[in-house]
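Dumped model_22.tsv below, it's TSV, C-alpha atoms and all ligand atoms:
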chain	number	residue	atom	x	y	z
U	599	MET	CA	-38.42	-14.85	-1.37
U	600	SER	CA	-34.66	-14.80	-1.13
U	601	THR	CA	-32.50	-14.32	-4.22
U	602	LEU	CA	-29.57	-16.65	-4.64
U	603	GLN	CA	-26.36	-14.71	-5.26
U	604	THR	CA	-23.72	-16.28	-7.49
U	605	PRO	CA	-20.40	-16.07	-5.66
U	606	THR	CA	-17.86	-13.99	-7.55
U	607	THR	CA	-14.69	-15.76	-8.63
U	608	PRO	CA	-11.77	-13.81	-7.22
U	609	ARG	CA	-9.31	-12.46	-9.78
U	610	PHE	CA	-6.46	-13.48	-7.50
U	611	SER	CA	-5.26	-16.61	-5.74
U	612	PHE	CA	-2.45	-17.63	-3.43
U	613	PRO	CA	-1.41	-21.08	-2.27
U	614	GLN	CA	-2.91	-21.98	1.10
U	615	THR	CA	0.52	-21.68	2.73
U	616	LYS	CA	0.52	-18.02	1.70
U	617	THR	CA	-2.89	-16.81	2.82
U	618	PRO	CA	-2.32	-13.05	3.24
U	619	SER	CA	-1.96	-11.93	6.86
U	620	ARG	CA	-4.60	-9.41	8.06
U	621	LEU	CA	-1.82	-6.88	8.70
U	622	ALA	CA	0.77	-6.19	6.03
U	623	PHE	CA	4.13	-4.51	6.48
U	624	GLY	CA	4.30	-1.07	4.82
U	625	ALA	CA	7.94	-0.60	3.85
U	626	ALA	CA	7.81	3.00	2.57
U	627	LYS	CA	10.46	4.14	5.03
U	628	LEU	CA	12.49	0.95	5.31
U	629	GLY	CA	16.13	1.89	4.70
U	630	ALA	CA	15.44	5.65	4.70
U	631	PHE	CA	18.06	6.59	7.30
U	632	TRP	CA	17.20	10.27	6.69
U	633	GLN	CA	13.62	9.56	7.93
U	634	ARG	CA	14.43	7.41	10.96
U	635	GLY	CA	13.73	4.34	8.83
U	636	ASP	CA	17.02	2.58	9.19
U	637	ARG	CA	17.98	0.38	12.15
U	638	GLU	CA	14.74	0.44	14.13
U	639	GLN	CA	12.54	-0.18	11.10
U	640	ARG	CA	14.83	-2.96	9.96
U	641	ARG	CA	14.35	-4.64	13.34
U	642	ALA	CA	10.58	-4.11	13.08
U	643	PHE	CA	10.60	-5.74	9.65
U	644	GLU	CA	12.56	-8.78	10.88
U	645	GLU	CA	10.19	-9.12	13.82
U	646	ALA	CA	7.15	-8.75	11.54
U	647	LEU	CA	8.37	-11.72	9.47
U	648	ARG	CA	8.94	-13.75	12.61
U	649	LEU	CA	5.44	-12.92	13.89
U	650	GLY	CA	3.76	-14.03	10.67
U	651	LEU	CA	3.13	-10.85	8.63
U	652	ASN	CA	3.57	-12.26	5.16
U	653	LEU	CA	2.48	-9.43	2.86
U	654	ILE	CA	5.08	-6.74	2.23
U	655	ASP	CA	4.25	-3.52	0.44
U	656	THR	CA	7.08	-1.62	-1.19
U	657	ALA	CA	7.83	0.40	-4.35
U	658	ASP	CA	10.82	1.11	-6.56
U	659	VAL	CA	10.94	4.68	-5.19
U	660	TYR	CA	10.67	3.88	-1.47
U	661	ALA	CA	13.85	5.10	0.20
U	662	ARG	CA	15.14	5.55	-3.37
U	663	GLY	CA	15.37	1.79	-3.89
U	664	LEU	CA	16.82	0.98	-0.47
U	665	SER	CA	13.50	-0.40	0.75
U	666	GLU	CA	13.47	-3.10	-1.95
U	667	ARG	CA	17.21	-3.76	-1.47
U	668	LEU	CA	16.81	-4.33	2.28
U	669	ILE	CA	13.75	-6.52	1.79
U	670	GLY	CA	15.67	-8.72	-0.67
U	671	GLN	CA	18.65	-8.90	1.66
U	672	ILE	CA	16.68	-9.64	4.85
U	673	LEU	CA	14.27	-12.14	3.29
U	674	GLY	CA	16.99	-14.45	1.99
U	675	SER	CA	15.69	-17.99	2.15
U	676	LYS	CA	12.29	-16.80	3.45
U	677	ARG	CA	11.44	-15.31	0.03
U	678	ASN	CA	9.00	-18.09	-0.80
U	679	GLU	CA	7.06	-17.61	2.44
U	680	VAL	CA	5.93	-14.08	1.61
U	681	ILE	CA	3.79	-12.11	-0.80
U	682	LEU	CA	5.77	-9.27	-2.34
U	683	CYS	CA	3.85	-6.28	-3.60
U	684	THR	CA	5.77	-3.55	-5.39
U	685	LYS	CA	4.86	-0.54	-7.54
U	686	ALA	CA	6.27	1.61	-10.30
U	687	GLY	CA	5.39	4.80	-12.12
U	688	GLN	CA	6.65	7.59	-9.86
U	689	ILE	CA	9.79	9.33	-11.09
U	690	LYS	CA	12.18	10.22	-8.29
U	691	THR	CA	15.64	9.02	-9.30
U	692	PRO	CA	17.98	9.91	-12.18
U	693	TRP	CA	17.70	6.36	-13.57
U	694	ALA	CA	13.90	6.56	-13.55
U	695	ALA	CA	13.96	10.02	-15.13
U	696	LEU	CA	16.28	8.93	-17.97
U	697	SER	CA	14.31	5.78	-18.59
U	698	ALA	CA	10.97	7.68	-18.56
U	699	ALA	CA	12.42	10.32	-20.91
U	700	ARG	CA	13.41	7.55	-23.36
U	701	SER	CA	9.95	5.97	-23.16
U	702	GLU	CA	8.03	9.26	-23.48
U	703	PRO	CA	10.26	11.66	-25.51
U	704	LYS	CA	7.53	14.33	-25.57
U	705	GLN	CA	7.60	14.45	-21.76
U	706	ALA	CA	11.41	14.25	-21.55
U	707	ALA	CA	11.94	17.74	-20.11
U	708	ARG	CA	9.38	17.14	-17.34
U	709	HIS	CA	10.84	13.74	-16.45
U	710	LEU	CA	14.45	14.95	-16.47
U	711	ARG	CA	13.65	17.89	-14.19
U	712	ALA	CA	12.67	15.28	-11.56
U	713	ALA	CA	16.25	13.95	-11.64
U	714	VAL	CA	17.82	17.22	-10.50
U	715	PRO	CA	18.99	16.59	-6.91
U	716	GLY	CA	16.77	18.33	-4.37
U	717	ARG	CA	14.03	19.08	-6.95
U	718	THR	CA	11.76	16.09	-6.18
U	719	PRO	CA	8.46	17.63	-5.02
U	720	LYS	CA	7.64	17.05	-1.32
U	721	ASP	CA	3.91	16.78	-2.10
U	722	PRO	CA	3.46	13.18	-3.40
U	723	SER	CA	0.70	14.31	-5.81
U	724	LEU	CA	3.22	16.53	-7.65
U	725	VAL	CA	5.83	13.81	-8.24
U	726	PRO	CA	6.09	13.21	-12.03
U	727	ARG	CA	4.81	9.82	-13.23
U	728	CYS	CA	5.28	7.55	-16.23
U	729	PHE	CA	2.95	4.65	-17.00
U	730	ASP	CA	4.32	3.80	-20.42
U	731	SER	CA	4.75	0.03	-20.90
U	732	ARG	CA	8.41	0.15	-21.89
U	733	TYR	CA	9.19	2.20	-18.79
U	734	LEU	CA	7.19	-0.08	-16.48
U	735	ILE	CA	8.88	-3.24	-17.77
U	736	GLY	CA	12.32	-1.70	-17.12
U	737	ALA	CA	11.24	-0.52	-13.67
U	738	LEU	CA	9.96	-3.98	-12.72
U	739	GLU	CA	13.25	-5.58	-13.85
U	740	GLY	CA	15.05	-3.16	-11.48
U	741	SER	CA	12.71	-4.10	-8.63
U	742	LEU	CA	13.29	-7.82	-9.21
U	743	ARG	CA	17.06	-7.28	-9.07
U	744	ARG	CA	16.83	-5.31	-5.82
U	745	LEU	CA	14.38	-7.77	-4.28
U	746	ARG	CA	16.60	-10.71	-5.36
U	747	THR	CA	13.74	-12.61	-6.91
U	748	ASP	CA	12.48	-13.60	-10.35
U	749	HIS	CA	8.86	-12.59	-9.76
U	750	VAL	CA	6.58	-10.59	-7.48
U	751	GLU	CA	3.12	-11.69	-6.43
U	752	ILE	CA	1.59	-8.21	-6.95
U	753	PHE	CA	2.73	-5.38	-9.22
U	754	LEU	CA	0.86	-2.07	-8.98
U	755	LEU	CA	0.84	1.19	-10.90
U	756	HIS	CA	1.91	3.78	-8.33
U	757	SER	CA	-0.84	6.41	-7.94
U	758	PRO	CA	-1.91	7.17	-11.51
U	759	ASN	CA	-4.87	9.52	-11.99
U	760	ALA	CA	-8.06	8.45	-13.78
U	761	GLN	CA	-6.81	9.78	-17.15
U	762	ASP	CA	-3.52	7.88	-16.86
U	763	ILE	CA	-5.50	4.70	-16.26
U	764	ALA	CA	-8.01	5.33	-19.06
U	765	HIS	CA	-5.17	6.14	-21.50
U	766	GLY	CA	-3.98	2.55	-21.10
U	767	ALA	CA	-0.28	2.99	-22.01
U	768	TRP	CA	0.40	0.43	-19.23
U	769	ARG	CA	-1.65	-2.39	-20.80
U	770	ASN	CA	1.10	-4.15	-22.76
U	771	ALA	CA	3.36	-4.12	-19.72
U	772	ALA	CA	0.68	-5.73	-17.56
U	773	GLN	CA	-0.08	-8.40	-20.16
U	774	SER	CA	3.51	-9.26	-21.06
U	775	LEU	CA	4.74	-9.33	-17.43
U	776	LEU	CA	1.82	-11.60	-16.46
U	777	ALA	CA	2.47	-13.88	-19.44
U	778	ALA	CA	6.18	-14.11	-18.56
U	779	GLY	CA	5.35	-14.99	-14.93
U	780	LYS	CA	7.36	-12.01	-13.67
U	781	ILE	CA	4.25	-10.76	-11.90
U	782	LEU	CA	1.51	-13.05	-10.63
U	783	HIS	CA	-1.13	-10.32	-10.28
U	784	PHE	CA	-1.46	-6.82	-11.69
U	785	GLY	CA	-3.17	-3.95	-9.93
U	786	ILE	CA	-3.35	-0.22	-9.33
U	787	SER	CA	-2.66	1.84	-6.22
U	788	CYS	CA	-5.17	4.69	-6.32
U	789	ASP	CA	-5.24	7.90	-4.30
U	790	ASP	CA	-8.72	9.10	-5.26
U	791	GLN	CA	-12.16	7.79	-6.10
U	792	ALA	CA	-12.10	8.72	-9.79
U	793	ALA	CA	-8.90	6.71	-10.32
U	794	ALA	CA	-10.29	3.75	-8.37
U	795	GLN	CA	-13.55	3.75	-10.37
U	796	GLU	CA	-11.59	3.82	-13.62
U	797	ALA	CA	-9.29	1.02	-12.41
U	798	LEU	CA	-12.34	-1.17	-11.75
U	799	ALA	CA	-13.28	-0.95	-15.44
U	800	HIS	CA	-10.18	-2.96	-16.45
U	801	GLU	CA	-10.27	-6.76	-16.35
U	802	THR	CA	-6.49	-7.09	-15.91
U	803	VAL	CA	-6.77	-5.39	-12.53
U	804	ALA	CA	-6.78	-8.07	-9.81
U	805	PHE	CA	-5.87	-5.74	-6.91
U	806	LEU	CA	-6.58	-2.19	-5.84
U	807	GLU	CA	-4.55	-0.51	-3.12
U	808	LEU	CA	-6.54	2.26	-1.46
U	809	PRO	CA	-6.11	4.63	1.48
U	810	VAL	CA	-8.79	3.51	3.94
U	811	ASN	CA	-9.31	4.75	7.48
U	812	ALA	CA	-12.15	4.79	9.99
U	813	LEU	CA	-12.81	8.50	9.54
U	814	SER	CA	-13.21	8.64	5.79
U	815	PRO	CA	-15.97	6.79	3.94
U	816	GLN	CA	-14.81	8.00	0.50
U	817	PHE	CA	-13.91	4.53	-0.84
U	818	ASP	CA	-16.90	2.61	0.51
U	819	ASP	CA	-18.61	2.27	-2.89
U	820	VAL	CA	-15.36	1.31	-4.60
U	821	ILE	CA	-14.63	-1.34	-1.96
U	822	ARG	CA	-18.11	-2.81	-2.38
U	823	THR	CA	-17.83	-2.90	-6.19
U	824	ALA	CA	-14.34	-4.39	-5.99
U	825	GLY	CA	-15.72	-7.19	-3.79
U	826	GLU	CA	-18.55	-7.82	-6.27
U	827	ARG	CA	-16.09	-8.08	-9.17
U	828	GLY	CA	-13.58	-10.30	-7.39
U	829	VAL	CA	-10.94	-7.58	-7.18
U	830	GLY	CA	-8.83	-7.80	-4.02
U	831	VAL	CA	-8.55	-4.64	-1.93
U	832	LEU	CA	-5.34	-3.85	-0.08
U	833	ALA	CA	-6.14	-1.09	2.39
U	834	ARG	CA	-3.25	1.23	3.18
U	835	SER	CA	-2.61	3.92	5.77
U	836	PRO	CA	-5.32	2.95	8.32
U	837	PHE	CA	-3.89	5.60	10.66
U	838	ASP	CA	-3.79	8.20	7.86
U	839	GLY	CA	-0.02	8.37	8.13
U	840	GLY	CA	-0.18	8.79	11.93
U	841	ARG	CA	-2.79	11.60	12.02
U	842	VAL	CA	-5.60	9.27	13.08
U	843	SER	CA	-3.49	7.47	15.71
U	844	ARG	CA	-2.51	10.83	17.22
U	845	LEU	CA	-6.23	11.57	17.70
U	846	ALA	CA	-6.43	8.49	19.93
U	847	ARG	CA	-4.00	10.15	22.32
U	848	SER	CA	-6.04	13.35	22.48
U	849	LEU	CA	-8.98	11.64	24.23
U	850	PRO	CA	-7.76	11.66	27.85
U	851	SER	CA	-10.87	10.01	29.30
U	852	GLU	CA	-10.64	6.98	27.01
U	853	ASN	CA	-8.26	4.06	27.01
U	854	PRO	CA	-5.98	4.78	24.00
U	855	GLU	CA	-5.62	1.06	23.27
U	856	ASP	CA	-9.42	0.76	22.90
U	857	VAL	CA	-9.49	3.79	20.60
U	858	LEU	CA	-6.61	2.49	18.47
U	859	ALA	CA	-8.22	-0.95	18.31
U	860	VAL	CA	-11.48	0.56	17.04
U	861	LEU	CA	-9.65	2.66	14.45
U	862	LEU	CA	-7.51	-0.18	13.16
U	863	ARG	CA	-10.17	-2.86	13.19
U	864	SER	CA	-12.76	-0.75	11.42
U	865	VAL	CA	-10.42	-1.28	8.46
U	866	THR	CA	-8.90	-4.74	9.03
U	867	ASP	CA	-12.23	-6.42	9.89
U	868	ARG	CA	-13.90	-5.54	6.58
U	869	PRO	CA	-14.34	-8.80	4.66
U	870	GLU	CA	-13.55	-7.28	1.24
U	871	ILE	CA	-10.17	-6.12	2.53
U	872	ILE	CA	-7.56	-8.78	1.87
U	873	SER	CA	-4.86	-7.19	4.00
U	874	THR	CA	-4.21	-3.82	5.66
U	875	ILE	CA	-0.85	-2.17	5.04
U	876	VAL	CA	0.40	-0.33	8.11
U	877	GLY	CA	3.51	1.80	8.44
U	878	MET	CA	5.27	0.53	11.56
U	879	ARG	CA	8.42	2.40	12.44
U	880	THR	CA	9.25	0.42	15.54
U	881	THR	CA	8.97	-3.10	16.95
U	882	GLU	CA	6.82	-1.64	19.70
U	883	GLN	CA	4.27	-0.34	17.15
U	884	LEU	CA	4.28	-3.72	15.43
U	885	GLU	CA	3.60	-5.62	18.65
U	886	ARG	CA	0.99	-3.09	19.67
U	887	ASN	CA	-0.85	-3.40	16.35
U	888	LEU	CA	-0.91	-7.18	16.62
U	889	ALA	CA	-2.28	-6.89	20.17
U	890	LEU	CA	-4.96	-4.43	18.97
U	891	GLN	CA	-6.16	-7.06	16.49
U	892	ALA	CA	-6.85	-9.47	19.35
U	893	ARG	CA	-8.23	-6.94	21.88
U	894	PRO	CA	-11.76	-7.83	23.04
U	895	LEU	CA	-14.21	-5.06	22.09
U	896	ASP	CA	-17.96	-5.09	22.53
U	897	GLU	CA	-20.20	-3.52	19.88
U	898	ALA	CA	-21.50	-0.73	22.14
U	899	THR	CA	-17.96	0.40	23.03
U	900	ARG	CA	-16.92	0.20	19.39
U	901	LEU	CA	-19.79	2.42	18.23
U	902	ARG	CA	-19.36	4.92	21.08
U	903	LEU	CA	-15.61	5.31	20.48
U	904	LEU	CA	-15.98	5.57	16.73
U	905	ASN	CA	-18.57	8.29	17.18
U	906	THR	CA	-16.36	10.17	19.67
U	907	VAL	CA	-13.30	10.06	17.40
U	908	GLN	CA	-15.36	11.09	14.37
U	909	LYS	CA	-16.71	14.14	16.23
U	910	LEU	CA	-13.23	15.06	17.42
U	911	ALA	CA	-11.82	14.74	13.90
U	912	GLU	CA	-14.63	16.92	12.49
U	913	SER	CA	-14.08	19.61	15.12
U	914	LYS	CA	-10.33	19.62	14.40
U	915	LEU	CA	-10.91	19.92	10.67
U	916	SER	CA	-13.55	22.68	10.86
G	1001	LIG	N1	0.43	5.74	-3.10
G	1001	LIG	C1	0.67	4.63	-2.46
G	1001	LIG	O1	0.66	3.56	-3.01
G	1001	LIG	C2	0.98	4.69	-0.98
G	1001	LIG	C3	0.96	5.92	-0.31
G	1001	LIG	C4	1.22	5.94	1.07
G	1001	LIG	C5	1.48	4.75	1.74
G	1001	LIG	N2	1.53	3.56	1.05
G	1001	LIG	C6	1.84	2.28	1.76
G	1001	LIG	O2	1.13	2.23	2.98
G	1001	LIG	C7	2.05	2.09	4.08
G	1001	LIG	C8	1.49	2.79	5.30
G	1001	LIG	O3	1.39	4.16	5.04
G	1001	LIG	P1	1.62	5.29	6.17
G	1001	LIG	O4	2.78	4.91	7.01
G	1001	LIG	O5	1.64	6.56	5.46
G	1001	LIG	O6	0.27	5.26	6.96
G	1001	LIG	P2	-0.25	4.58	8.32
G	1001	LIG	O7	0.01	3.13	8.32
G	1001	LIG	O8	-1.65	5.05	8.44
G	1001	LIG	O9	0.55	5.34	9.46
G	1001	LIG	C9	1.73	4.87	9.99
G	1001	LIG	C10	2.04	5.68	11.21
G	1001	LIG	O10	1.03	5.47	12.18
G	1001	LIG	C11	1.61	5.47	13.44
G	1001	LIG	N3	1.38	4.17	14.08
G	1001	LIG	C12	1.47	2.93	13.56
G	1001	LIG	N4	1.15	2.00	14.47
G	1001	LIG	C13	0.87	2.68	15.61
G	1001	LIG	C14	0.46	2.31	16.90
G	1001	LIG	N5	0.30	1.06	17.24
G	1001	LIG	N6	0.24	3.27	17.82
G	1001	LIG	C15	0.38	4.55	17.50
G	1001	LIG	N7	0.77	5.00	16.30
G	1001	LIG	C16	0.99	4.05	15.36
G	1001	LIG	C17	3.10	5.73	13.27
G	1001	LIG	O11	3.27	7.13	13.36
G	1001	LIG	P3	4.60	7.78	13.99
G	1001	LIG	O12	5.68	7.40	13.03
G	1001	LIG	O13	4.29	9.24	14.01
G	1001	LIG	O14	4.78	7.17	15.33
G	1001	LIG	C18	3.34	5.24	11.87
G	1001	LIG	O15	4.47	5.84	11.25
G	1001	LIG	C19	3.38	2.63	3.55
G	1001	LIG	O16	4.50	2.11	4.23
G	1001	LIG	C20	3.33	2.14	2.12
G	1001	LIG	O17	3.70	0.78	2.07
G	1001	LIG	C21	1.26	3.51	-0.29

Show the structure stored in the file as C-alpha cells.
Amino acid sequence: MSTLQTPTTPRFSFPQTKTPSRLAFGAAKLGAFWQRGDREQRRAFEEALRLGLNLIDTADVYARGLSERLIGQILGSKRNEVILCTKAGQIKTPWAALSAARSEPKQAARHLRAAVPGRTPKDPSLVPRCFDSRYLIGALEGSLRRLRTDHVEIFLLHSPNAQDIAHGAWRNAAQSLLAAGKILHFGISCDDQAAAQEALAHETVAFLELPVNALSPQFDDVIRTAGERGVGVLARSPFDGGRVSRLARSLPSENPEDVLAVLLRSVTDRPEIISTIVGMRTTEQLERNLALQARPLDEATRLRLLNTVQKLAESKLS
C-alpha cells in the first residue's frame, strides 16, 4: 500500500519571470581589486546577467561594500529582472563596528577592535558578528543604498552559530523588515550543521544558504529536512572555494571537463537545491560552468568519477 504524501507548501515564492537560475553568481570578490576581483570579475558579472544567471549572492562586507555598490551600478534598469540576496552580521568596517557597539554596548570593545585597520581576522570564523535587530536594520538600509534598490528578495544572517540563532536577537529585525517589504524573504547562511539545525526550528526562515560540495555529505540531513519543511536551500561553494576544482586537474587520465561536470552537478542537480552559488572570477569560468551544466554524462561515468575523486580527496586529507 502506498502512502500519499502531502506536498509541502514552500515558504518562498517568486514571480514566474524570476524563476531562480540553477547557477547563481557569487559576488564575494566583486570589486575587490586587491583580490583580483575588479575588472575581470566585473566583466564576468555583466556576462552572467546576459547569459541568464538571475540570482546574485552578495553581503554588506563583500569587498567592504564595493560588491553591493558595483552590483547596484551595473544592474541599472535590469534590477527588476534579478533576485538579490544579501547578508549582514559580520563586522569588518568601522561603520559596522560603531553601529554594532551602539546596538550591543556590552560587546562594544570587541566590536570596535574589529574596526582597527589591518586587525580584521583572516579566518572567517573569527570575524566578530552582531545579530542584534537594531544593528541588522541599519545594515540592511546600507545595503539597499549601495544596491540602489528599495528591497531585496532574500536577506540572510551572515554565518551565525547555533547559539546566536537560538538567542533570537534578530527576530524583530526579520519581522519588521518583512512587514515593511524591505526584504521579501528572510533566511540564514550557516557554516555548520548545528547552526543549520537550529535555523530550521524557526518559522521565519524561508531560506538556508549552506556550503555543499560533492565530497562532503555533512548537510544531507539538513537539506532533506529543509525540503520537507518548504525551506529553500541555496547551495554555496560547490568547488569548496577552488579546492575541489583543483582536484579535477590532478587526475591526468580523466577528462577534466567530465570531472568538473560531475562535481558541479552533484550539487546543482539536487531537487531541494533552489540555486547553486558559484564564485566565478573570470568570464571563461562562467562559460565553462554553464557548459558543464549541459554536458552529457551517463550514470556509470558519473559514479566512477565521483568515486575516483572521493578516494583522491581522502588520500590527500589523510
Ligand atoms: N558564509 C557565507 O555566507 C559564504 C561563505 C563563502 C562563500 N559564500 C558565497 O558563495 C560564493 C562562492 O564561494 P567560493 O568562491 O568560496 O566557492 P566556490 O564557488 O566553490 O569556488 C570558486 C572558485 O572555484 C574555481 N572555479 C570556479 N569555476 C571553475 C571552473 N569552471 N573551472 C575551474 N575552477 C573553477 C575558481 O577558483 P580560482 O579562483 O582558484 O580559479 C573560483 O574562484 C561566494 O562568492 C559568496 O557569494 C558565502

List all protein, DNA and RNA residues that have an atom no more than 6 Å from any atom of ligand LIG 1001 (chain G), counting all atoms listed in the file, and report them as a short mmCIF file (atom, residue, chain, number, x, y, z; two decimals) with C-alpha atoms, in the frame of the given file.
data_model
loop_
_atom_site.label_atom_id
_atom_site.label_comp_id
_atom_site.auth_asym_id
_atom_site.auth_seq_id
_atom_site.Cartn_x
_atom_site.Cartn_y
_atom_site.Cartn_z
CA GLY U 624 4.30 -1.07 4.82
CA ALA U 625 7.94 -0.60 3.85
CA ALA U 626 7.81 3.00 2.57
CA ASP U 655 4.25 -3.52 0.44
CA THR U 656 7.08 -1.62 -1.19
CA HIS U 756 1.91 3.78 -8.33
CA SER U 757 -0.84 6.41 -7.94
CA SER U 787 -2.66 1.84 -6.22
CA ARG U 834 -3.25 1.23 3.18
CA SER U 835 -2.61 3.92 5.77
CA PRO U 836 -5.32 2.95 8.32
CA PHE U 837 -3.89 5.60 10.66
CA ASP U 838 -3.79 8.20 7.86
CA GLY U 839 -0.02 8.37 8.13
CA GLY U 840 -0.18 8.79 11.93
CA SER U 843 -3.49 7.47 15.71
CA ILE U 875 -0.85 -2.17 5.04
CA VAL U 876 0.40 -0.33 8.11
CA GLY U 877 3.51 1.80 8.44
CA MET U 878 5.27 0.53 11.56
CA ARG U 879 8.42 2.40 12.44
CA GLN U 883 4.27 -0.34 17.15
CA ARG U 886 0.99 -3.09 19.67
CA ASN U 887 -0.85 -3.40 16.35
#

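Relative to CA of Thr899 in chain U, CA of Arg841 in chain U is found at 21.8 Å.
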
CA of Leu628 in chain U to CA of Ala760 in chain U, straight-line distance in Å: 29.0 Å

Kindly indicate which residue among U:Ile871, U:Leu904, U:Val810, U:Leu890 lies nearest to Arg620 in chain U, using all atoms listed in the file for the distances.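 Among the listed residues, U:Ile871 lies closest to Arg620 in chain U.
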
Could you tell me how far CA of His783 in chain U sits from CA of Pro608 in chain U, in Å to one decimal place? 11.6 Å

If we count only C-alpha atoms, what is near range 821-827 of chain U at a cut-off of 9 Å, once residues fewer than 3 positions away on the same chain are taken out, given as a compact mmCIF listing (two decimals) with C-alpha atoms, in the coordinates of the input?
# COMPACT_ATOMS: atom_id res chain seq x y z
CA PRO U 605 -20.40 -16.07 -5.66
CA THR U 606 -17.86 -13.99 -7.55
CA THR U 607 -14.69 -15.76 -8.63
CA PRO U 608 -11.77 -13.81 -7.22
CA ARG U 609 -9.31 -12.46 -9.78
CA GLN U 795 -13.55 3.75 -10.37
CA LEU U 798 -12.34 -1.17 -11.75
CA PHE U 805 -5.87 -5.74 -6.91
CA LEU U 806 -6.58 -2.19 -5.84
CA LEU U 808 -6.54 2.26 -1.46
CA PHE U 817 -13.91 4.53 -0.84
CA ASP U 818 -16.90 2.61 0.51
CA GLY U 830 -8.83 -7.80 -4.02
CA VAL U 831 -8.55 -4.64 -1.93
CA PRO U 869 -14.34 -8.80 4.66
CA GLU U 870 -13.55 -7.28 1.24
CA ILE U 871 -10.17 -6.12 2.53

Report as a list in words all protein, DNA and RNA residues lying within 6 Å of Ala622 in chain U, evaluated on all atoms listed in the file, omitting residues in the same chain fewer than 2 positions from it. Leu651, Leu653, Ile654, Thr874 and Ile875 of chain U

Which neighbours of Thr802 in chain U fall inside 12 Å, counting only C-alpha atoms, when residues of the same chain fewer than 2 positions from it are skipped, and could you give them as a count of residues only? 31

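The nearest approach to Ala846 in chain U among the residues U:Gln614, U:Ser723, U:Thr691, U:Gln908, with all atoms listed in the file taken into account, belongs to U:Gln908.
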
Using all atoms listed in the file, which of the listed residues (U:Gln761, U:Gln705, U:Asn678, U:Ser848) sits closest to Lys616 in chain U?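 Once distances to Lys616 in chain U are computed over all atoms listed in the file, the minimum belongs to U:Asn678.
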
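Each of U:Glu702, U:Asp658, U:Arg746, U:Ser619 was checked against Ile672 in chain U using only C-alpha atoms; the smallest atom-to-atom distance is that of U:Arg746.
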
Could you model N, CA and C atoms for range 714-728 of chain U and present them as a PDB file, in the frame of the given file?
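Generated file (selection31.pdb):
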ATOM      1  N   VAL U 714      16.902  16.233 -11.074  1.00  0.00           N
ATOM      2  CA  VAL U 714      17.820  17.220 -10.500  1.00  0.00           C
ATOM      3  C   VAL U 714      17.800  17.054  -8.976  1.00  0.00           C
ATOM      4  N   PRO U 715      18.984  16.822  -8.359  1.00  0.00           N
ATOM      5  CA  PRO U 715      18.990  16.590  -6.910  1.00  0.00           C
ATOM      6  C   PRO U 715      18.284  17.719  -6.151  1.00  0.00           C
ATOM      7  N   GLY U 716      17.464  17.345  -5.210  1.00  0.00           N
ATOM      8  CA  GLY U 716      16.770  18.330  -4.370  1.00  0.00           C
ATOM      9  C   GLY U 716      15.516  18.910  -5.028  1.00  0.00           C
ATOM     10  N   ARG U 717      15.209  18.510  -6.286  1.00  0.00           N
ATOM     11  CA  ARG U 717      14.030  19.080  -6.950  1.00  0.00           C
ATOM     12  C   ARG U 717      12.799  18.161  -6.890  1.00  0.00           C
ATOM     13  N   THR U 718      12.925  16.983  -6.258  1.00  0.00           N
ATOM     14  CA  THR U 718      11.760  16.090  -6.180  1.00  0.00           C
ATOM     15  C   THR U 718      10.699  16.760  -5.301  1.00  0.00           C
ATOM     16  N   PRO U 719       9.470  16.949  -5.834  1.00  0.00           N
ATOM     17  CA  PRO U 719       8.460  17.630  -5.020  1.00  0.00           C
ATOM     18  C   PRO U 719       8.163  16.891  -3.717  1.00  0.00           C
ATOM     19  N   LYS U 720       7.958  17.664  -2.627  1.00  0.00           N
ATOM     20  CA  LYS U 720       7.640  17.050  -1.320  1.00  0.00           C
ATOM     21  C   LYS U 720       6.213  16.484  -1.347  1.00  0.00           C
ATOM     22  N   ASP U 721       5.303  17.217  -2.021  1.00  0.00           N
ATOM     23  CA  ASP U 721       3.910  16.780  -2.100  1.00  0.00           C
ATOM     24  C   ASP U 721       3.835  15.580  -3.063  1.00  0.00           C
ATOM     25  N   PRO U 722       3.443  14.370  -2.539  1.00  0.00           N
ATOM     26  CA  PRO U 722       3.460  13.180  -3.400  1.00  0.00           C
ATOM     27  C   PRO U 722       2.640  13.358  -4.681  1.00  0.00           C
ATOM     28  N   SER U 723       1.553  14.178  -4.619  1.00  0.00           N
ATOM     29  CA  SER U 723       0.700  14.310  -5.810  1.00  0.00           C
ATOM     30  C   SER U 723       1.410  15.069  -6.939  1.00  0.00           C
ATOM     31  N   LEU U 724       2.522  15.757  -6.625  1.00  0.00           N
ATOM     32  CA  LEU U 724       3.220  16.530  -7.650  1.00  0.00           C
ATOM     33  C   LEU U 724       4.425  15.785  -8.249  1.00  0.00           C
ATOM     34  N   VAL U 725       4.701  14.585  -7.709  1.00  0.00           N
ATOM     35  CA  VAL U 725       5.830  13.810  -8.240  1.00  0.00           C
ATOM     36  C   VAL U 725       5.496  13.377  -9.673  1.00  0.00           C
ATOM     37  N   PRO U 726       6.398  13.620 -10.647  1.00  0.00           N
ATOM     38  CA  PRO U 726       6.090  13.210 -12.030  1.00  0.00           C
ATOM     39  C   PRO U 726       5.907  11.689 -12.135  1.00  0.00           C
ATOM     40  N   ARG U 727       5.080  11.268 -13.075  1.00  0.00           N
ATOM     41  CA  ARG U 727       4.810   9.820 -13.230  1.00  0.00           C
ATOM     42  C   ARG U 727       5.032   9.405 -14.684  1.00  0.00           C
ATOM     43  N   CYS U 728       5.218   8.110 -14.877  1.00  0.00           N
ATOM     44  CA  CYS U 728       5.280   7.550 -16.230  1.00  0.00           C
ATOM     45  C   CYS U 728       4.657   6.162 -16.185  1.00  0.00           C
TER      46      CYS U 728
END
